[in-house]
$ cat my_file18.cif   # mmCIF, C-alpha atoms
data_coords
loop_
_atom_site.label_atom_id
_atom_site.label_comp_id
_atom_site.auth_asym_id
_atom_site.auth_seq_id
_atom_site.Cartn_x
_atom_site.Cartn_y
_atom_site.Cartn_z
CA MET A 83 -27.87 -1.18 -3.16
CA ILE A 84 -25.73 -2.98 -0.60
CA ALA A 85 -28.85 -4.81 0.50
CA GLY A 86 -29.36 -6.03 -3.05
CA ASP A 87 -31.87 -3.48 -4.30
CA ALA A 88 -31.66 -3.62 -8.10
CA GLU A 89 -33.66 -0.44 -8.51
CA ALA A 90 -31.26 1.43 -6.29
CA PHE A 91 -28.40 0.25 -8.43
CA ASP A 92 -30.21 1.36 -11.58
CA ALA A 93 -30.82 4.77 -10.10
CA LEU A 94 -27.21 5.11 -9.06
CA TYR A 95 -26.00 4.01 -12.46
CA ASP A 96 -28.30 6.37 -14.33
CA ARG A 97 -27.12 9.24 -12.22
CA ARG A 98 -23.39 8.59 -12.26
CA GLN A 99 -22.58 6.74 -15.46
CA GLY A 100 -22.33 9.88 -17.57
CA GLY A 101 -19.62 11.44 -15.48
CA VAL A 102 -17.66 8.23 -15.20
CA TYR A 103 -17.91 7.49 -18.89
CA ARG A 104 -16.97 11.00 -19.97
CA TYR A 105 -14.04 11.12 -17.59
CA ALA A 106 -12.71 7.83 -18.96
CA LEU A 107 -13.34 8.94 -22.52
CA ARG A 108 -11.63 12.28 -22.09
CA MET A 109 -8.66 10.68 -20.41
CA CYS A 110 -8.21 7.77 -22.81
CA GLY A 111 -9.64 9.16 -26.01
CA SER A 112 -11.11 5.79 -26.90
CA THR A 113 -14.75 4.86 -26.67
CA ALA A 114 -13.96 1.16 -26.40
CA LEU A 115 -11.67 1.74 -23.45
CA ALA A 116 -14.11 4.15 -21.86
CA GLU A 117 -16.90 1.59 -22.09
CA ASP A 118 -14.72 -1.13 -20.60
CA ILE A 119 -13.62 1.13 -17.78
CA THR A 120 -17.16 2.27 -17.03
CA GLN A 121 -18.33 -1.30 -16.80
CA ASP A 122 -15.38 -2.27 -14.59
CA VAL A 123 -15.96 0.69 -12.30
CA PHE A 124 -19.57 -0.17 -11.60
CA ILE A 125 -18.84 -3.87 -11.21
CA GLU A 126 -16.19 -3.04 -8.65
CA PHE A 127 -18.53 -0.63 -6.93
CA MET A 128 -21.33 -3.18 -6.67
CA ARG A 129 -18.91 -5.75 -5.26
CA ASP A 130 -17.12 -3.48 -2.82
CA ALA A 131 -19.91 -1.05 -2.06
CA HIS A 132 -19.50 -1.67 1.65
CA GLN A 133 -16.04 -0.12 1.47
CA PHE A 134 -17.53 3.25 0.61
CA ASN A 135 -17.57 5.51 3.64
CA PRO A 136 -19.91 8.52 3.32
CA GLU A 137 -17.93 10.35 5.98
CA LYS A 138 -14.85 10.37 3.78
CA GLY A 139 -16.41 11.73 0.63
CA THR A 140 -19.20 11.64 -1.87
CA VAL A 141 -20.27 8.75 -4.07
CA ALA A 142 -19.23 10.76 -7.11
CA GLY A 143 -15.76 11.31 -5.69
CA TYR A 144 -15.48 7.63 -4.82
CA LEU A 145 -16.50 6.59 -8.33
CA TYR A 146 -14.14 9.11 -9.90
CA GLY A 147 -11.37 7.71 -7.74
CA ILE A 148 -12.00 4.17 -8.96
CA THR A 149 -12.26 5.41 -12.53
CA ARG A 150 -9.01 7.31 -12.28
CA HIS A 151 -7.25 4.25 -10.92
CA LYS A 152 -8.55 2.08 -13.75
CA VAL A 153 -7.76 4.70 -16.38
CA LEU A 154 -4.18 5.00 -15.20
CA ARG A 155 -3.77 1.24 -15.21
CA ARG A 156 -5.21 0.95 -18.69
CA ILE A 157 -3.03 3.74 -19.99
CA GLN A 158 0.04 2.16 -18.48
CA ARG A 159 -0.90 -1.17 -19.97
CA GLU A 160 -1.68 0.20 -23.37
CA ARG A 161 0.92 2.87 -23.85
CA SER A 162 -0.03 3.21 -27.46
CA MET A 163 -3.25 4.89 -26.39
CA VAL A 164 -1.51 7.74 -24.61
CA SER A 165 -0.11 9.82 -27.37
CA MET A 166 -2.82 10.83 -29.74
CA SER A 167 -0.68 13.29 -31.63
CA ASP A 168 0.87 10.54 -33.72
CA ARG A 169 -2.38 8.88 -34.52
CA ASP A 170 -4.78 9.62 -37.26
CA SER A 171 -8.15 10.78 -36.19
CA ASP A 172 -10.15 7.61 -36.56
CA GLU A 173 -13.09 6.27 -34.62
CA ILE A 174 -12.33 8.49 -31.68
CA ASP A 175 -13.18 11.66 -33.47
CA LEU A 176 -16.16 10.08 -35.10
CA VAL A 177 -17.70 8.79 -31.94
CA MET A 178 -16.37 11.03 -29.24
CA VAL A 179 -17.80 14.20 -30.60
CA LYS A 180 -20.89 14.31 -32.64
CA PRO A 181 -20.97 17.89 -33.87
CA ARG A 182 -24.00 19.63 -32.64
CA ILE A 183 -25.87 21.79 -35.09
CA ARG A 184 -25.59 25.38 -34.08
CA ASP A 185 -27.08 28.53 -35.35
CA LEU A 186 -23.83 29.61 -36.90
CA ASP A 187 -22.88 30.12 -40.47
CA PRO A 188 -21.15 27.08 -41.98
CA LEU A 189 -17.70 28.67 -42.05
CA GLU A 190 -17.85 29.69 -38.43
CA ASN A 191 -19.18 26.29 -37.46
CA PHE A 192 -16.36 24.61 -39.36
CA SER A 193 -13.63 26.72 -37.79
CA ARG A 194 -15.10 26.18 -34.36
CA GLN A 195 -15.19 22.44 -34.88
CA GLU A 196 -11.63 22.53 -36.11
CA MET A 197 -10.55 24.36 -32.98
CA ILE A 198 -12.35 21.87 -30.75
CA ASP A 199 -10.60 18.98 -32.49
CA SER A 200 -7.26 20.70 -32.07
CA VAL A 201 -7.89 21.24 -28.37
CA ARG A 202 -9.02 17.65 -27.91
CA HIS A 203 -5.87 16.34 -29.52
CA ALA A 204 -3.74 18.75 -27.52
CA VAL A 205 -5.39 17.59 -24.27
CA LEU A 206 -4.84 13.95 -25.13
CA ALA A 207 -1.21 14.67 -25.93
CA LEU A 208 -0.58 16.16 -22.49
CA PRO A 209 1.32 14.10 -19.92
CA ILE A 210 -1.11 12.14 -17.80
CA HIS A 211 -0.81 14.17 -14.59
CA TYR A 212 -1.41 17.40 -16.49
CA ARG A 213 -4.19 15.87 -18.52
CA GLU A 214 -6.19 14.77 -15.52
CA VAL A 215 -6.29 18.22 -13.94
CA VAL A 216 -7.43 19.76 -17.22
CA VAL A 217 -10.10 17.11 -17.62
CA LEU A 218 -11.36 17.43 -14.06
CA CYS A 219 -11.14 21.19 -13.64
CA ASN A 220 -11.85 22.48 -17.13
CA LEU A 221 -13.93 19.80 -18.78
CA HIS A 222 -15.78 18.46 -15.73
CA GLU A 223 -15.87 21.89 -14.15
CA MET A 224 -14.79 20.65 -10.77
CA SER A 225 -13.32 22.90 -8.14
CA TYR A 226 -9.65 22.65 -7.29
CA GLU A 227 -10.60 21.06 -3.99
CA GLN A 228 -12.67 18.34 -5.62
CA ALA A 229 -9.93 17.57 -8.12
CA ALA A 230 -7.36 17.47 -5.35
CA GLU A 231 -9.48 14.99 -3.42
CA ILE A 232 -9.88 12.69 -6.39
CA ILE A 233 -6.25 12.80 -7.46
CA GLY A 234 -4.96 12.78 -3.90
CA ILE A 235 -2.71 15.81 -4.12
CA PRO A 236 -2.76 19.24 -2.44
CA VAL A 237 -4.89 22.00 -3.90
CA GLY A 238 -1.81 24.09 -4.63
CA THR A 239 -0.42 21.29 -6.74
CA VAL A 240 -3.64 21.13 -8.71
CA ARG A 241 -3.42 24.86 -9.34
CA SER A 242 0.20 24.75 -10.46
CA ARG A 243 -0.37 21.70 -12.65
CA LEU A 244 -3.34 23.36 -14.27
CA ASN A 245 -1.33 26.50 -14.98
CA ARG A 246 1.43 24.46 -16.53
CA ALA A 247 -1.03 22.34 -18.50
CA ARG A 248 -2.73 25.39 -19.97
CA ALA A 249 0.62 26.85 -20.95
CA MET A 250 1.48 23.59 -22.69
CA LEU A 251 -1.88 23.60 -24.42
CA ALA A 252 -1.25 27.12 -25.63
CA ASP A 253 2.12 26.11 -27.04
CA ARG A 254 0.65 23.12 -28.81
CA LEU A 255 -2.23 25.06 -30.26
CA ARG A 256 0.07 27.84 -31.41
CA SER A 257 2.44 25.40 -33.08
CA GLY A 258 -0.54 23.63 -34.65
CA GLN A 259 -1.89 26.89 -36.06
CA GLN A 260 1.55 27.76 -37.36
CA SER A 261 1.83 24.44 -39.17
CA ILE A 262 -1.63 24.90 -40.63
CA SER A 263 -0.85 28.41 -41.79
CA THR A 264 2.48 27.25 -43.24
CA GLN A 265 0.71 24.49 -45.10
CA THR A 266 -1.83 27.01 -46.39
CA GLU A 267 0.92 29.30 -47.61
CA VAL A 268 2.61 26.39 -49.40
CA ASP A 269 -0.65 25.38 -51.01
CA SER A 270 -1.28 28.96 -52.11
CA ALA A 271 2.16 29.30 -53.61
CA ARG A 272 1.73 25.99 -55.42
CA TYR A 273 -1.62 27.17 -56.75
CA GLU A 274 -0.12 30.45 -58.03
CA LEU A 275 2.63 28.58 -59.79
CA MET B 265 1.45 46.07 -12.47
CA THR B 266 4.18 43.54 -13.07
CA CYS B 267 4.04 40.50 -15.32
CA SER B 268 3.97 38.14 -12.34
CA GLU B 269 1.02 40.03 -10.85
CA PHE B 270 -0.71 39.85 -14.18
CA GLU B 271 -0.01 36.11 -14.40
CA TYR B 272 -1.50 35.65 -10.95
CA MET B 273 -4.85 37.12 -11.93
CA ILE B 274 -5.07 36.04 -15.53
CA ASP B 275 -7.51 33.26 -14.64
CA LEU B 276 -9.92 35.71 -13.07
CA LEU B 277 -9.47 38.09 -15.97
CA VAL B 278 -10.27 35.42 -18.55
CA ALA B 279 -13.24 34.15 -16.57
CA ASP B 280 -14.41 37.74 -16.15
CA GLU B 281 -14.48 37.23 -12.41
CA LEU B 282 -12.21 40.12 -11.48
CA THR B 283 -14.65 42.17 -9.47
CA ASP B 284 -12.29 44.98 -8.60
CA GLU B 285 -12.67 47.44 -11.46
CA ILE B 286 -9.46 49.32 -10.70
CA THR B 287 -7.41 46.13 -10.69
CA ARG B 288 -9.03 45.03 -13.90
CA GLN B 289 -8.19 48.32 -15.59
CA ARG B 290 -4.60 48.07 -14.39
CA ALA B 291 -4.37 44.54 -15.74
CA MET B 292 -5.78 45.55 -19.09
CA LYS B 293 -3.42 48.50 -19.22
CA HIS B 294 -0.50 46.19 -18.52
CA SER B 295 -1.56 43.78 -21.26
CA SER B 296 -1.76 46.68 -23.69
CA ILE B 297 1.86 47.63 -23.10
CA CYS B 298 3.38 44.16 -22.52
CA ALA B 299 3.48 42.01 -25.62
CA ASP B 300 4.14 38.75 -23.75
CA CYS B 301 1.27 39.24 -21.33
CA SER B 302 -0.99 40.34 -24.15
CA MET B 303 -0.21 37.15 -26.04
CA ARG B 304 -0.65 35.12 -22.86
CA LEU B 305 -4.07 36.67 -22.28
CA ALA B 306 -5.10 35.95 -25.85
CA ASP B 307 -3.93 32.33 -25.54
CA GLU B 308 -5.77 31.90 -22.29
CA ARG B 309 -8.94 33.24 -23.80
CA ILE B 310 -8.67 30.92 -26.76
CA ILE B 311 -7.94 27.93 -24.56
CA SER B 312 -10.75 28.71 -22.15
CA ALA B 313 -13.21 29.14 -24.96
CA SER B 314 -12.03 25.99 -26.70
CA LEU B 315 -12.13 23.91 -23.54
CA ALA B 316 -15.60 25.23 -22.78
CA ASP B 317 -16.69 24.29 -26.28
CA LEU B 318 -15.12 20.85 -25.92
CA ALA B 319 -16.83 20.34 -22.57
CA GLU B 320 -20.12 21.40 -24.09
CA GLU B 321 -19.70 19.12 -27.08
CA THR B 322 -18.95 16.08 -25.01
CA GLY B 323 -21.03 17.08 -22.02
CA HIS B 324 -23.97 14.90 -22.96
CA THR B 325 -22.06 11.82 -23.99
CA GLU B 326 -23.21 8.77 -22.10
CA ALA B 327 -22.28 5.16 -21.88
CA PRO B 328 -24.13 2.85 -24.30
CA ALA B 329 -27.22 1.09 -23.06
CA ARG B 330 -25.61 -2.30 -23.45
CA ILE B 331 -23.30 -1.52 -20.54
CA LYS B 332 -26.26 -0.94 -18.28
CA MET B 333 -27.81 -4.20 -19.41
CA ALA B 334 -24.57 -6.06 -18.76
CA LEU B 335 -24.32 -4.52 -15.32
CA GLN B 336 -27.90 -5.37 -14.48
CA LYS B 337 -27.17 -8.94 -15.45
CA GLU B 338 -24.06 -8.93 -13.28
CA PHE B 339 -26.01 -7.50 -10.38
CA ALA B 340 -28.72 -10.14 -10.70
CA GLY B 341 -26.04 -12.83 -10.86
CA MET B 342 -24.49 -11.55 -7.68
CA LEU B 343 -27.82 -11.55 -5.93
CA ALA B 344 -28.48 -15.10 -7.10
CA ASN B 345 -25.10 -16.24 -5.85
CA ASN B 346 -25.77 -14.40 -2.59
CA GLN B 347 -22.27 -13.13 -2.36
CA PRO B 348 -21.48 -12.27 1.23
CA ASP B 349 -19.47 -9.19 0.41
CA MET B 350 -22.44 -7.64 -1.28
CA THR B 351 -25.33 -8.42 1.00
CA ALA B 352 -23.52 -8.17 4.28
CA GLN B 353 -21.24 -5.49 5.55
CA SER B 354 -17.85 -6.82 6.41
CA PRO B 355 -16.31 -5.75 9.70
CA LYS B 356 -14.15 -2.68 9.41
CA ASN B 357 -11.22 -4.29 11.13
CA ILE B 358 -10.89 -7.05 8.57
CA VAL B 359 -8.52 -6.10 5.79
CA THR B 360 -9.19 -7.85 2.55
CA PHE B 361 -6.60 -8.31 -0.13
CA PRO B 362 -8.25 -8.58 -3.49
CA LEU B 363 -5.88 -10.75 -5.45
CA HIS B 364 -7.16 -9.52 -8.78
CA ARG B 365 -5.51 -6.18 -8.07
CA PHE B 366 -2.06 -7.73 -7.95
CA GLN B 367 0.01 -8.66 -10.90
CA PRO B 368 0.31 -12.44 -11.43
CA ARG B 369 4.08 -12.14 -11.12
CA THR B 370 3.73 -10.62 -7.66
CA VAL B 371 1.37 -13.36 -6.53
CA LEU B 372 3.73 -16.06 -7.79
CA THR B 373 6.71 -14.47 -6.07
CA VAL B 374 4.88 -14.25 -2.76
CA ALA B 375 3.71 -17.86 -3.05
CA ALA B 376 7.24 -19.07 -3.80
CA ALA B 377 8.66 -17.14 -0.85
CA ALA B 378 6.00 -18.56 1.47
CA SER B 379 6.77 -22.11 0.28
CA LEU B 380 10.48 -21.63 0.92
CA VAL B 381 9.85 -20.32 4.41
CA ALA B 382 7.54 -23.25 5.21
CA LEU B 383 10.08 -25.76 3.88
CA PHE B 384 12.87 -24.16 5.89
CA ALA B 385 10.78 -24.21 9.07
CA LEU B 386 9.89 -27.88 8.55
CA THR B 387 13.52 -28.84 7.97
CA TRP B 388 14.58 -26.88 11.03
CA GLN B 389 12.05 -28.62 13.22
CA LEU B 390 13.20 -32.07 12.05
CA TRP B 391 16.82 -31.16 12.57
CA LEU B 392 16.32 -29.95 16.14
CA PRO B 393 17.37 -32.50 18.78
CA ALA B 394 15.12 -33.33 21.65
CA ILE B 395 15.41 -30.61 24.20
CA THR B 396 14.69 -30.96 27.86
CA ILE B 397 12.85 -27.98 29.12
CA GLY B 398 12.85 -27.55 32.83
CA ASN B 399 12.70 -25.10 35.66
CA PRO B 400 16.24 -24.14 36.69
CA GLU B 401 15.32 -24.52 40.34
CA THR B 402 13.68 -27.91 40.03
CA ILE B 403 15.55 -30.90 41.27
CA ALA B 404 14.71 -34.55 41.15
CA ILE B 405 15.40 -37.18 43.74
CA VAL B 406 16.69 -40.47 42.48
CA PRO B 407 17.85 -43.50 44.45
CA LEU B 408 21.59 -43.80 44.78
CA PRO B 409 22.86 -47.08 43.43
CA ILE B 410 26.59 -47.08 44.27
CA PRO B 411 28.58 -43.86 44.37
CA SER B 412 31.81 -43.52 42.51
CA PRO B 413 34.57 -45.32 44.36
CA SER B 414 36.77 -42.27 44.51
CA ILE B 415 34.13 -40.26 46.31
CA ALA B 416 32.35 -42.98 48.19
CA SER B 417 35.50 -44.21 49.80
CA SER B 418 36.39 -40.78 51.05
CA VAL B 419 32.98 -39.84 52.39
CA PRO B 420 32.10 -41.47 55.65
CA GLY B 421 28.88 -43.38 55.69
CA THR B 422 28.43 -43.54 51.97
CA GLY B 423 30.37 -46.60 51.16
CA ASN B 424 27.76 -49.13 52.13
CA SER B 425 24.59 -47.17 51.83
CA GLU B 426 23.12 -48.57 48.68
CA THR B 427 19.66 -47.31 49.51
CA GLU B 428 20.70 -43.83 50.51
CA THR B 429 19.17 -40.97 48.70
CA VAL B 430 21.14 -38.70 46.47
CA ILE B 431 19.87 -35.70 44.70
CA ALA B 432 20.37 -35.32 41.00
CA LYS B 433 19.84 -31.99 39.50
CA THR B 434 18.35 -31.61 36.10
CA GLU B 435 20.15 -28.92 34.25
CA PRO B 436 17.88 -26.38 32.66
CA VAL B 437 18.02 -26.07 28.94
CA SER B 438 16.60 -23.07 27.28
CA SER B 439 13.94 -23.80 24.72
CA SER B 440 15.26 -21.05 22.51
CA ARG B 441 18.61 -22.77 22.18
CA ARG B 442 18.56 -24.30 18.74
CA ARG B 443 21.42 -26.73 19.12
CA PRO B 444 22.38 -27.61 22.67
CA PRO B 445 26.11 -27.83 23.20
CA ARG B 446 27.67 -31.13 24.10
CA SER B 447 28.48 -29.97 27.61
CA VAL B 448 24.78 -29.50 28.34
CA GLU B 449 24.05 -32.99 27.13
CA ALA B 450 26.79 -34.31 29.40
CA LYS B 451 25.38 -32.45 32.38
CA SER B 452 21.97 -33.82 31.66
CA ASP B 453 23.31 -37.32 31.91
CA PRO B 454 22.02 -38.86 35.18
CA GLU B 455 25.18 -40.94 35.67
CA MET B 456 27.25 -37.79 35.74
CA ASP B 457 24.96 -36.11 38.22
CA ARG B 458 25.14 -38.98 40.64
CA VAL B 459 28.86 -38.59 41.13
CA ASP B 460 28.72 -34.82 41.20
CA PHE B 461 26.93 -34.33 44.47
CA ILE B 462 28.22 -35.72 47.69
CA PRO B 463 25.57 -36.36 50.32
CA LEU B 464 26.07 -34.68 53.66
CA THR B 465 25.75 -37.50 56.11
CA TYR B 466 24.87 -35.56 59.24
CA VAL B 467 21.33 -35.15 58.00
CA SER B 468 18.91 -37.60 59.48
CA ASP B 469 17.68 -40.24 57.10
CA THR B 470 14.18 -39.72 58.31
CA VAL B 471 14.08 -36.25 56.80
CA SER B 472 13.21 -36.96 53.23
CA LEU B 473 13.87 -34.46 50.56
CA HIS B 474 11.10 -33.81 48.07
CA SER B 475 12.43 -30.62 46.61
CA GLY B 476 15.21 -28.17 47.17
CA THR B 477 17.32 -25.39 45.81
CA VAL B 478 20.82 -25.38 44.40
CA VAL B 479 22.87 -22.61 45.99
CA ARG B 480 26.40 -21.70 44.97
CA VAL B 481 28.61 -20.82 47.93
CA GLU B 482 32.23 -20.26 48.81
CA VAL B 483 33.34 -22.17 51.87
CA GLN B 484 36.65 -22.44 53.69
CA ARG B 485 38.60 -25.65 53.42
CA THR B 486 38.61 -26.00 57.18
CA THR B 487 34.82 -26.05 57.17
CA LEU B 488 34.81 -28.80 54.59
CA LEU B 489 37.33 -30.72 56.61
CA ALA B 490 35.08 -30.39 59.64
CA MET B 491 32.26 -31.82 57.56
CA GLY B 492 34.49 -34.80 56.78
CA LEU B 493 34.91 -33.99 53.14
CA PRO B 494 38.13 -34.83 51.33
CA VAL B 495 40.04 -31.60 50.78
CA ASN B 496 43.68 -30.67 50.75
CA ASP B 497 44.49 -29.31 54.21
CA SER B 498 47.72 -27.59 53.19
CA ARG B 499 45.84 -24.43 52.08
CA ASN B 500 43.38 -23.99 54.87
CA ASP B 501 42.85 -20.25 54.38
CA SER B 502 41.64 -20.46 50.79
CA LEU B 503 38.03 -20.63 49.70
CA ILE B 504 36.45 -23.30 47.60
CA LYS B 505 33.41 -22.82 45.36
CA ALA B 506 30.69 -25.37 45.82
CA ASP B 507 27.05 -26.01 44.99
CA LEU B 508 24.82 -26.90 47.90
CA ILE B 509 21.46 -28.56 47.64
CA VAL B 510 19.32 -26.99 50.33
CA GLY B 511 16.02 -28.51 51.19
CA ASP B 512 12.83 -26.67 51.87
CA ASP B 513 13.61 -26.95 55.57
CA GLY B 514 16.82 -24.94 55.03
CA VAL B 515 19.13 -27.87 55.73
CA ALA B 516 21.90 -28.59 53.24
CA ARG B 517 21.68 -32.14 51.91
CA ALA B 518 24.47 -32.49 49.36
CA ILE B 519 27.46 -30.66 48.06
CA ARG B 520 29.24 -30.50 44.73
CA PHE B 521 32.60 -28.91 44.16
CA VAL B 522 32.82 -26.46 41.32
CA GLN B 523 35.89 -26.90 39.22
#

$ encode --input "my_file18.cif" --output "structure tokens"
Amino acid sequence: MIAGDAEAFDALYDRRQGGVYRYALRMCGSTALAEDITQDVFIEFMRDAHQFNPEKGTVAGYLYGITRHKVLRRIQRERSMVSMSDRDSDEIDLVMVKPRIRDLDPLENFSRQEMIDSVRHAVLALPIHYREVVVLCNLHEMSYEQAAEIIGIPVGTVRSRLNRARAMLADRLRSGQQSISTQTEVDSARYEL
Amino acid sequence: MTCSEFEYMIDLLVADELTDEITRQRAMKHSSICADCSMRLADERIISASLADLAEETGHTEAPARIKMALQKEFAGMLANNQPDMTAQSPKNIVTFPLHRFQPRTVLTVAAAASLVALFALTWQLWLPAITIGNPETIAIVPLPIPSPSIASSVPGTGNSETETVIAKTEPVSSSRRRPPRSVEAKSDPEMDRVDFIPLTYVSDTVSLHSGTVVRVEVQRTTLLAMGLPVNDSRNDSLIKADLIVGDDGVARAIRFVQ
């Protein structure tokens, strides 16, 4: 690719674009931002490909590093994108997750989808340094070591952040379920009246 | 099992990766009697399952095809432009500073600071006076026109020797000295140097002096009197500081009294 082989670039893009795009999407929660970031990442990579040193890490790790840097900059620039808890579920929910048809009964499928949406919103509402460990370790199924390399922190810090992030997720999900159940009780009482 | 021990292995328990059966049974027993840990285990299971579902749901999401097309276009454009950073590896020891990574405010600040420094340096150079840079040990030989009457009259043989040689010493001035003091300028004046040094007349005129060394010495007044120099003879035992110009042949050629 450094020598100008277009086919090599295509092959690299086909292999790595999914991970980069999903990472950006899961961090930002916006398809438009994720597309922009993905494009920027590969443009930067094709321009500065000679800076990649195979002895220091993998191509995937290098690309994730660039993506993380761009995501953080975008999030800092557009603070309004950070907190998803205050936003209505608009295009993000529509595009980010296309519900896959499963062999479940409709009620079970609905409740499962509802839980996934709740978790997605809870992840997006996490502070950024907790969010990234959840995204890398739980959603991208990376090891603690890989996540530590990408973020640039010790493995122990990744572990502790992940613990804390999961506890925060549990709190948010619990409070969300409580509010839903409270709303259901209110609706039921109103119906009985 | 304590709650902290349970907390430590809850990940393995949820992921069903706790291979030790005894430990697993102890953990499950603890969760059955501890309400907090039981709730924590249930939360962890829900979160793990939900995150796994979320990862599965979004696991096949890919960037739109138009991004690939745009990148292919960009790549072809770079090849057409034959950008050096793409087709040739840059040396590792060259550090590049991509300006697009900096905020415009930072770039402007750095540019303004650089301009100020350049302006200051230019002003400083214009303000500096001309500085004579010389070797401290270098001396120049200039023809003696007419010595000062006060000295020439008191030194034998110097009164009528208009062509006699006298040695003028160029005072060294450090190049690092920004503004030379007035005293240095006065010492650099050739007229002042001519009256400073008194030629020692016992040296043969045929021995010309091309270069020499200035040596500071302390001599007795009686010695100076013996050399025919004008000194006060009432304090013969005291020492007088003087600068001698000694030629390469080791013979003193001129003397200057240090005040």

$ interface_residues --input "my_file18.cif" --of "chain A" --to "chain B" --cutoff "9 Å" --atoms "only C-alpha atoms" --output "MDAnalysis selection string"
chainID A and resid 83:86 88 91:92 95:96 99:104 108 113 116:118 120:121 124:125 128:133 178:182 194:195 197:202 216:217 220:223 248:249 251:253 255:256

$ closest_residue --input "my_file18.cif" --among "A:Arg246, A:Phe192, A:Ala204, A:Val123" --to "Tyr146 in chain A" --atoms "only C-alpha atoms"
A:Val123

$ atom_distance --input "my_file18.cif" --atom1 "CA of Thr487 in chain B" --atom2 "CA of Arg517 in chain B"
15.4 Å

$ resolve_selection --input "my_file18.cif" --expression "the PyMOL selection byres ((chain A and resi 224-229) around 10)" --output "ChimeraX atom specification"
/A:139,143,146-147,214-223,230-241,244

$ atom_distance --input "my_file18.cif" --atom1 "CA of Val374 in chain B" --atom2 "CA of Phe134 in chain A"
28.6 Å

$ resolve_selection --input "my_file18.cif" --expression "the PyMOL selection byres ((chain B and resi 491-505) around 8)" --output "number ranges by chain"
B: 418-420, 464, 480-490, 506-507, 521-523

$ atom_distance --input "my_file18.cif" --atom1 "CA of Gln289 in chain B" --atom2 "CA of Met265 in chain B"
10.4 Å
